[in-house]
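Everything below belongs to upload-v6.pdb, which stores PDB, C-alpha atoms.
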ATOM      1  CA  ARG N   1      23.770   3.555  14.867
ATOM      2  CA  ARG N   2      20.753   5.803  14.530
ATOM      3  CA  ILE N   3      19.872   7.679  11.365
ATOM      4  CA  ILE N   4      18.065  10.979  11.727
ATOM      5  CA  PHE N   5      16.156  12.172   8.703
ATOM      6  CA  GLY N   6      16.060  15.794   7.661
ATOM      7  CA  MET N   7      12.939  17.792   6.942
ATOM      8  CA  SER N   8      13.323  17.238   3.202
ATOM      9  CA  ASP N   9      13.087  13.465   3.634
ATOM     10  CA  LYS N  10       9.745  12.358   2.248
ATOM     11  CA  LYS N  11      10.020   8.780   3.501
ATOM     12  CA  THR N  12       9.735   9.660   7.179
ATOM     13  CA  PRO N  13       6.197  11.122   7.080
ATOM     14  CA  TYR N  14       5.173   8.488   4.519
ATOM     15  CA  MET N  15       6.258   5.627   6.790
ATOM     16  CA  GLU N  16       4.622   7.323   9.776
ATOM     17  CA  GLY N  17       1.446   7.625   7.704
ATOM     18  CA  MET N  18       1.578   3.953   6.763
ATOM     19  CA  ALA N  19       1.974   2.997  10.434
ATOM     20  CA  LEU N  20      -1.024   5.151  11.383
ATOM     21  CA  PHE N  21      -3.079   3.770   8.484
ATOM     22  CA  SER N  22      -2.329   0.199   9.579
ATOM     23  CA  VAL N  23      -3.948   0.830  12.966
ATOM     24  CA  GLY N  24      -6.976   2.604  11.522
ATOM     25  CA  LYS N  25      -5.935   6.172  12.276
ATOM     26  CA  HIS N  26      -6.872   7.384   8.825
ATOM     27  CA  ALA N  27      -7.196  11.108   9.554
ATOM     28  CA  ASP N  28      -3.743  11.159  11.133
ATOM     29  CA  SER N  29      -2.283   9.152   8.272
ATOM     30  CA  ILE N  30      -3.739  11.656   5.778
ATOM     31  CA  GLU N  31      -1.814  14.454   7.489
ATOM     32  CA  LYS N  32       1.435  12.482   7.235
ATOM     33  CA  PHE N  33       0.859  11.604   3.577
ATOM     34  CA  ARG N  34       0.177  15.261   2.802
ATOM     35  CA  ALA N  35       3.445  16.194   4.544
ATOM     36  CA  ALA N  36       5.330  13.733   2.329
ATOM     37  CA  LEU N  37       3.537  15.037  -0.771
ATOM     38  CA  ALA N  38       4.539  18.593   0.157
ATOM     39  CA  ILE N  39       8.093  17.420  -0.513
ATOM     40  CA  ASP N  40       7.279  15.319  -3.618
ATOM     41  CA  PRO N  41       3.810  16.170  -5.007
ATOM     42  CA  VAL N  42       3.798  13.435  -7.676
ATOM     43  CA  TRP N  43       5.056  10.516  -5.584
ATOM     44  CA  ASP N  44       2.668   7.838  -6.826
ATOM     45  CA  ASP N  45       3.002   5.432  -3.880
ATOM     46  CA  CYS N  46       2.190   8.215  -1.444
ATOM     47  CA  LEU N  47      -0.693   9.448  -3.585
ATOM     48  CA  GLN N  48      -2.102   5.898  -3.611
ATOM     49  CA  ALA N  49      -1.791   5.722   0.171
ATOM     50  CA  LEU N  50      -3.501   9.103   0.514
ATOM     51  CA  ALA N  51      -6.406   8.017  -1.690
ATOM     52  CA  MET N  52      -6.891   4.818   0.308
ATOM     53  CA  ALA N  53      -6.730   6.704   3.619
ATOM     54  CA  GLN N  54      -9.266   9.213   2.329
ATOM     55  CA  MET N  55     -11.504   6.379   1.142
ATOM     56  CA  HIS N  56     -11.290   4.526   4.452
ATOM     57  CA  SER N  57     -11.921   7.731   6.397
ATOM     58  CA  GLY N  58     -15.174   8.145   4.462
ATOM     59  CA  ASP N  59     -14.108  11.195   2.458
ATOM     60  CA  LEU N  60     -15.000   9.628  -0.880
ATOM     61  CA  ASN N  61     -15.039  12.894  -2.814
ATOM     62  CA  ALA N  62     -11.467  13.712  -1.775
ATOM     63  CA  ALA N  63     -10.447  10.112  -2.479
ATOM     64  CA  LEU N  64     -11.965  10.346  -5.950
ATOM     65  CA  GLU N  65     -10.109  13.571  -6.736
ATOM     66  CA  THR N  66      -6.831  12.049  -5.526
ATOM     67  CA  ALA N  67      -7.430   8.860  -7.531
ATOM     68  CA  LYS N  68      -8.157  10.846 -10.698
ATOM     69  CA  HIS N  69      -4.948  12.803 -10.121
ATOM     70  CA  ILE N  70      -2.994   9.550  -9.773
ATOM     71  CA  CYS N  71      -4.362   8.376 -13.129
ATOM     72  CA  GLU N  72      -3.201  11.640 -14.701
ATOM     73  CA  VAL N  73       0.262  11.400 -13.126
ATOM     74  CA  THR N  74       0.736   7.681 -13.894
ATOM     75  CA  PRO N  75      -1.522   6.912 -16.874
ATOM     76  CA  GLU N  76       0.166   3.558 -17.573
ATOM     77  CA  ASP N  77      -0.094   2.195 -14.006
ATOM     78  CA  PRO N  78      -2.779  -0.479 -13.568
ATOM     79  CA  LEU N  79      -2.835   0.130  -9.805
ATOM     80  CA  ALA N  80      -3.910   3.738 -10.383
ATOM     81  CA  PHE N  81      -7.034   2.576 -12.218
ATOM     82  CA  THR N  82      -7.695  -0.226  -9.737
ATOM     83  CA  GLY N  83      -7.780   2.329  -6.912
ATOM     84  CA  LEU N  84     -10.053   4.569  -8.964
ATOM     85  CA  SER N  85     -12.377   1.621  -9.544
ATOM     86  CA  MET N  86     -12.543   0.855  -5.810
ATOM     87  CA  ILE N  87     -13.557   4.414  -5.030
ATOM     88  CA  TYR N  88     -16.182   4.471  -7.789
ATOM     89  CA  GLN N  89     -17.603   1.247  -6.321
ATOM     90  CA  ARG N  90     -17.951   2.862  -2.905
ATOM     91  CA  LEU N  91     -19.681   5.822  -4.560
ATOM     92  CA  ASP N  92     -22.069   3.321  -6.205
ATOM     93  CA  ARG N  93     -20.902   4.464  -9.646
ATOM     94  CA  ILE N  94     -20.722   0.934 -10.984
ATOM     95  CA  ASP N  95     -20.385   1.768 -14.693
ATOM     96  CA  ASP N  96     -17.445   4.061 -13.932
ATOM     97  CA  ALA N  97     -15.937   1.403 -11.645
ATOM     98  CA  GLU N  98     -16.165  -1.220 -14.385
ATOM     99  CA  THR N  99     -14.623   1.135 -16.954
ATOM    100  CA  ALA N 100     -11.702   1.935 -14.632
ATOM    101  CA  GLN N 101     -11.198  -1.750 -13.827
ATOM    102  CA  ALA N 102     -11.217  -2.675 -17.526
ATOM    103  CA  LYS N 103      -8.527  -0.037 -18.090
ATOM    104  CA  ALA N 104      -6.500  -1.538 -15.216
ATOM    105  CA  ARG N 105      -6.772  -5.026 -16.728
ATOM    106  CA  MET N 106      -5.752  -3.763 -20.162
ATOM    107  CA  LEU N 107      -2.734  -1.893 -18.772
ATOM    108  CA  SER N 108      -1.701  -4.940 -16.768
ATOM    109  CA  TRP N 109      -1.902  -7.101 -19.887
ATOM    110  CA  LYS N 110       0.141  -4.582 -21.886
ATOM    111  CA  GLN N 111       2.827  -4.718 -19.197
ATOM    112  CA  GLU N 112       2.801  -8.517 -19.254
ATOM    113  CA  LEU N 113       3.181  -8.540 -23.039
ATOM    114  CA  LYS N 114       6.573  -6.852 -22.637
ATOM    115  CA  THR N 115       7.961  -9.999 -21.003
ATOM    116  CA  ASN N 116       5.528 -12.586 -22.351
ATOM    117  CA  PRO N 117       4.498 -11.874 -25.961
ATOM    118  CA  ASP N 118       2.119 -14.860 -25.883
ATOM    119  CA  ALA N 119       0.092 -13.549 -22.934
ATOM    120  CA  GLN N 120      -3.621 -13.783 -23.531
ATOM    121  CA  PRO N 121      -5.851 -10.726 -23.144
ATOM    122  CA  PRO N 122      -7.868 -10.466 -19.928
ATOM    123  CA  ALA N 123     -11.292 -12.067 -19.859
ATOM    124  CA  GLY N 124     -13.926  -9.807 -21.341
ATOM    125  CA  ILE N 125     -11.438  -7.784 -23.392
ATOM    126  CA  ASN N 126     -11.897  -8.139 -27.128
ATOM    127  CA  VAL N 127      -8.714  -7.597 -29.091
ATOM    128  CA  ILE N 128      -8.559  -7.456 -32.884
ATOM    129  CA  GLN N 129      -5.564  -9.423 -34.091
TER
END

Turn the structure described in the file into structure tokens.
Amino acid sequence: RRIIFGMSDKKTPYMEGMALFSVGKHADSIEKFRAALAIDPVWDDCLQALAMAQMHSGDLNAALETAKHICEVTPEDPLAFTGLSMIYQRLDRIDDAETAQAKARMLSWKQELKTNPDAQPPAGINVIQ
């Protein structure tokens, strides 16, 4: 049995974009991710994919703007700040990259504390207890 997706289905262009990204067709994948985001503009997984496609295509300024937007949309997601850090690294903005990565580590630790109250803070993070 074959399932045909309607135009309002965001997963179809997203999956097509992921397939294109996986074979290095970054510009084409960007178009597909934008089509999915036209349906759901705050879909964090698709925004992450868009930022990575933009980064790999060499459009670092667009990637940076997308990554900043992801951090605004999902301010508690460590992956958002990890992606931002990667883009800052490629822009040779090392201080900004380290700040974003420290935020990612802190958010990850906070998430771990929810299930493991004895979790130790990440290396290099000073916590007053």

**Residue among N:Phe81, N:Trp109, N:Tyr14, N:Phe21 lying closest to Leu64 (chain N), counting only C-alpha atoms** =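 Going through N:Phe81, N:Trp109, N:Tyr14, N:Phe21 one by one, the smallest distance to Leu64 (chain N) is for N:Phe81.
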
**Message:** Neighbouring residues of region 86-102 of chain N were defined as those with any atom within 10 Å, considering all atoms listed in the file; residues of the same chain fewer than 6 positions away were excluded. Please report them as a list in words.
**Reply:** Ala51, Met52, Gln54, Met55, His56, Gly58, Leu60, Asn61, Ala63, Leu64, Glu65, Ala67, Cys71, Pro78, Leu79, Ala80, Ser108, Pro122, Ala123, Gly124 and Ile125 of chain N

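With the shown file loaded, the PyMOL selection byres ((chain N and resi 32) around 10) picks out Lys10, Thr12, Pro13, Tyr14, Met15, Glu16, Gly17, Met18, Leu20, Phe21, His26, Ala27, Asp28, Ser29, Ile30, Glu31, Phe33, Arg34, Ala35, Ala36, Leu37, Ala38, Cys46 and Leu50 of chain N.
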
Box centre and edge lengths (Å, one decimal), axis-aligned, region 22-34 of chain N plus 8 Å each side, as AutoDock Vina command-line options:
--center_x -2.9 --center_y 7.7 --center_z 7.9 --size_x 24.6 --size_y 31.1 --size_z 26.2

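Among the candidates N:Asp9, N:Glu76, N:Asn116, N:Pro121, the one nearest to Ala104 (chain N) when counting all atoms listed in the file is N:Glu76.
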
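Taking only C-alpha atoms into account, Gly24 (chain N) lies nearest to N:Ser57 out of the set N:Ser57, N:Asp118, N:Asp45, N:Lys103.
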
**Message:** What does the structure give for the distance between CA of Gln111 (chain N) and CA of Asp77 (chain N), in Å to one decimal?
**Reply:**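 Going from CA of Gln111 (chain N) over to CA of Asp77 (chain N), I get 9.1 Å.
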
**Which of N:Ala119, N:Leu113, N:Leu107, N:Val73 sits closest to Pro41 (chain N) [using all atoms listed in the file]** =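 Residue with the minimum atom-to-atom distance to Pro41 (chain N): N:Val73.
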
**Message:** Which residue is closest to Ala19 (chain N)? Choose from N:Ala53, N:Ile39, N:Thr66, N:Gln48 and count all atoms listed in the file.
**Reply:**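 Counting all atoms listed in the file, the residue closest to Ala19 (chain N) is N:Ala53.
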
**Request:** Could you check how far CA of Ser85 (chain N) sits from CA of Thr115 (chain N), in Å to one decimal?
**Result:** 26.1 Å

Output as a PDB file, in the coordinates of the input: region 108-121 of chain N, completed with N, CA and C atoms.
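As written to disk, out.pdb reads:
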ATOM      1  N   SER N 108      -2.440  -3.820 -17.347  1.00  0.00           N
ATOM      2  CA  SER N 108      -1.701  -4.940 -16.768  1.00  0.00           C
ATOM      3  C   SER N 108      -1.290  -5.928 -17.860  1.00  0.00           C
ATOM      4  N   TRP N 109      -2.197  -6.200 -18.772  1.00  0.00           N
ATOM      5  CA  TRP N 109      -1.902  -7.101 -19.887  1.00  0.00           C
ATOM      6  C   TRP N 109      -0.805  -6.513 -20.774  1.00  0.00           C
ATOM      7  N   LYS N 110      -0.893  -5.227 -21.062  1.00  0.00           N
ATOM      8  CA  LYS N 110       0.141  -4.582 -21.886  1.00  0.00           C
ATOM      9  C   LYS N 110       1.515  -4.699 -21.227  1.00  0.00           C
ATOM     10  N   GLN N 111       1.554  -4.564 -19.905  1.00  0.00           N
ATOM     11  CA  GLN N 111       2.827  -4.718 -19.197  1.00  0.00           C
ATOM     12  C   GLN N 111       3.325  -6.164 -19.298  1.00  0.00           C
ATOM     13  N   GLU N 112       2.412  -7.109 -19.167  1.00  0.00           N
ATOM     14  CA  GLU N 112       2.801  -8.517 -19.254  1.00  0.00           C
ATOM     15  C   GLU N 112       3.317  -8.866 -20.639  1.00  0.00           C
ATOM     16  N   LEU N 113       2.738  -8.267 -21.668  1.00  0.00           N
ATOM     17  CA  LEU N 113       3.181  -8.540 -23.039  1.00  0.00           C
ATOM     18  C   LEU N 113       4.650  -8.190 -23.264  1.00  0.00           C
ATOM     19  N   LYS N 114       5.170  -7.244 -22.488  1.00  0.00           N
ATOM     20  CA  LYS N 114       6.573  -6.852 -22.637  1.00  0.00           C
ATOM     21  C   LYS N 114       7.517  -7.998 -22.308  1.00  0.00           C
ATOM     22  N   THR N 115       7.117  -8.870 -21.383  1.00  0.00           N
ATOM     23  CA  THR N 115       7.961  -9.999 -21.003  1.00  0.00           C
ATOM     24  C   THR N 115       7.426 -11.329 -21.504  1.00  0.00           C
ATOM     25  N   ASN N 116       6.158 -11.362 -21.869  1.00  0.00           N
ATOM     26  CA  ASN N 116       5.528 -12.586 -22.351  1.00  0.00           C
ATOM     27  C   ASN N 116       4.662 -12.255 -23.559  1.00  0.00           C
ATOM     28  N   PRO N 117       5.255 -12.269 -24.762  1.00  0.00           N
ATOM     29  CA  PRO N 117       4.498 -11.874 -25.961  1.00  0.00           C
ATOM     30  C   PRO N 117       3.309 -12.771 -26.281  1.00  0.00           C
ATOM     31  N   ASP N 118       3.233 -13.939 -25.638  1.00  0.00           N
ATOM     32  CA  ASP N 118       2.119 -14.860 -25.883  1.00  0.00           C
ATOM     33  C   ASP N 118       0.999 -14.721 -24.851  1.00  0.00           C
ATOM     34  N   ALA N 119       1.110 -13.735 -23.977  1.00  0.00           N
ATOM     35  CA  ALA N 119       0.092 -13.549 -22.934  1.00  0.00           C
ATOM     36  C   ALA N 119      -1.271 -13.301 -23.575  1.00  0.00           C
ATOM     37  N   GLN N 120      -2.263 -13.941 -23.032  1.00  0.00           N
ATOM     38  CA  GLN N 120      -3.621 -13.783 -23.531  1.00  0.00           C
ATOM     39  C   GLN N 120      -4.275 -12.554 -22.932  1.00  0.00           C
ATOM     40  N   PRO N 121      -5.158 -11.903 -23.694  1.00  0.00           N
ATOM     41  CA  PRO N 121      -5.851 -10.726 -23.144  1.00  0.00           C
ATOM     42  C   PRO N 121      -6.727 -11.125 -21.963  1.00  0.00           C
TER      43      PRO N 121
END
